[in-house]
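To keep things clear, I will list the structure first and then write my remarks on it.
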Amino acid sequence: MGQKNPLKDFIAGGAGGVCCVFVGQPLDTIKVRLQTMPKPAPGESPLYKGTMDCALQTMRKEGFLGLYKGMGTPLAGVAPMFAICFFGFGLGKRLQQKKPGDSLTYGQIFMAGGLAGVFTTGIMTPGERIKCLLQVQADSKMKKYAGPLDCAKQLYREGGIRSIYKGTAATLLRDIPASGMYFMSYEWLQHTLTPKGGSRDDLSVGRTLLAGGIAGICNWAVALPADVPKSRLQTAPAGMYPNGIRDVIRQLIKEDGIMSLYKGFTPVMLRAFPANAACFLGYEVTMKGLNWMSPDN
């Protein structure tokens, strides 16, 4: 992804984000439910035995579409969120280039990706807060929220804008390093997979899918230890964690050890490859279409 028009980055990033949500939402729902399920009492079995059990229980109780619970919020927010993400990455690269087209080190690409993570927080935090609450409430007998808009209204009534943006610091802690790894690994893979003497624009669909999928796995390998406490924090009752994510991490490690920060690992990794392969393929195809319609000078 060399020097590109910022508007094209924005549009193509949005298209990639929509592809990502459609492919990845079912496993995202399973991930959140595994991360937030209550700790079983002594002698009791856990609510879910694992990824497959969670998927089967969800489909048995709610039908196949139960795996798409809470999708309205990420779908409504993901196009602008990914658009801003790819725009932020492009801006981060341009800020470090002395002149257009300059090559950047992988460290500089990582920093540009980190900037993209900062850019998306304003949309990501409330979107994930609402999505997680809707995904978790489907497990309970009491349905507090009728949908994304009702959830946002209730959160605002209960605690104002601060309630809607609960988990902002946790989202930043997750997304700055994870976004840096995401873009750096994709750039490296694109470079590695380009045939000698060839152009990255000529990469096959299969190689683009491979690069995007592995980049997604690299992203979540970095993001998951912060994602687990973020999900817990965003779905916890008000006042449960007065010191924010620090209290959540302390409790998780005290009760279940350091590996508790990797809850949901299986669905996350199962989702990471296809969802992000679809995202980057959507981005690259849209970018090629935009370049065809309006070539850069």
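Residue numbers start at 1 in each chain; chains themselves are named A, B, ... in the order of the structure tokens; ligands are numbered from 1 in the order shown.
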For this session: For A:Lys69, work out the shell of residues within 10 Å, counting only C-alpha atoms and skipping chain neighbours fewer than 2 positions away, then give it as a PyMOL selection string.
Result: chain A and resi 25-26+28-29+62+64-67+71-73+131-132+134-138+147
Given only C-alpha atoms, how would the per-residue table for stretch 101-192 of chain A near stretch 223-242 of chain A read, listing every residue at most 10 Å away with its closest atom pair and distance in Å to one decimal, sorted by chain and number, as CSV?
```
residue,atom,partner,partner_atom,distance
A:Thr125,CA,A:Gln234,CA,9.1
A:Pro126,CA,A:Gln234,CA,9.4
A:Glu128,CA,A:Gln234,CA,8.1
A:Arg129,CA,A:Gln234,CA,5.4
A:Ile130,CA,A:Gln234,CA,8.5
A:Lys131,CA,A:Thr235,CA,9.7
A:Cys132,CA,A:Thr235,CA,6.6
A:Leu133,CA,A:Thr235,CA,5.6
A:Leu134,CA,A:Thr235,CA,9.4
A:Gln135,CA,A:Thr235,CA,9.8
A:Val136,CA,A:Thr235,CA,7.8
A:Gln137,CA,A:Thr235,CA,9.4
A:Glu158,CA,A:Ala238,CA,9.3
A:Gly159,CA,A:Ala238,CA,8.8
A:Ser163,CA,A:Ala238,CA,8.6
A:Ile164,CA,A:Gln234,CA,9.3
A:Tyr165,CA,A:Gln234,CA,8.9
A:Lys166,CA,A:Gln234,CA,6.1
A:Gly167,CA,A:Gln234,CA,5.8
A:Thr168,CA,A:Lys230,CA,8.9
A:Ala169,CA,A:Lys230,CA,8.9
A:Ala170,CA,A:Lys230,CA,5.5
A:Thr171,CA,A:Lys230,CA,6.7
A:Leu172,CA,A:Ala226,CA,9.3
A:Leu173,CA,A:Ala226,CA,6.6
A:Arg174,CA,A:Ala226,CA,5.1
A:Asp175,CA,A:Ala223,CA,6.7
A:Ile176,CA,A:Ala223,CA,9.0
A:Pro177,CA,A:Ala223,CA,7.5
A:Ala178,CA,A:Ala223,CA,5.2
A:Ser179,CA,A:Ala223,CA,8.6
A:Met181,CA,A:Ala223,CA,9.4
A:Tyr182,CA,A:Ala223,CA,9.9
```
Problem set entry | Contacts of stretch 89-99 of chain A within 12 Å, only C-alpha atoms, excl. fewer than 3 positions in-chain, as a ChimeraX atom specification | /A:1-10,12-13,82-86,102-120,176,179-184,187
For this session: Name the residues of stretch 33-224 of chain A that fall into helix (DSSP H, G or I) according to DSSP on the backbone, using the chain letters and numbers of this document, as a VMD selection string.
Result: chain A and resid 33 to 36 51 to 62 64 to 68 72 to 96 106 to 137 148 to 164 168 to 193 200 to 202 205 to 224
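Of the listed residues A:Gln251, A:Gln35, A:Gln190, A:Thr286, the one whose atoms come nearest to A:Pro267 is A:Gln35, with distances taken using only C-alpha atoms.
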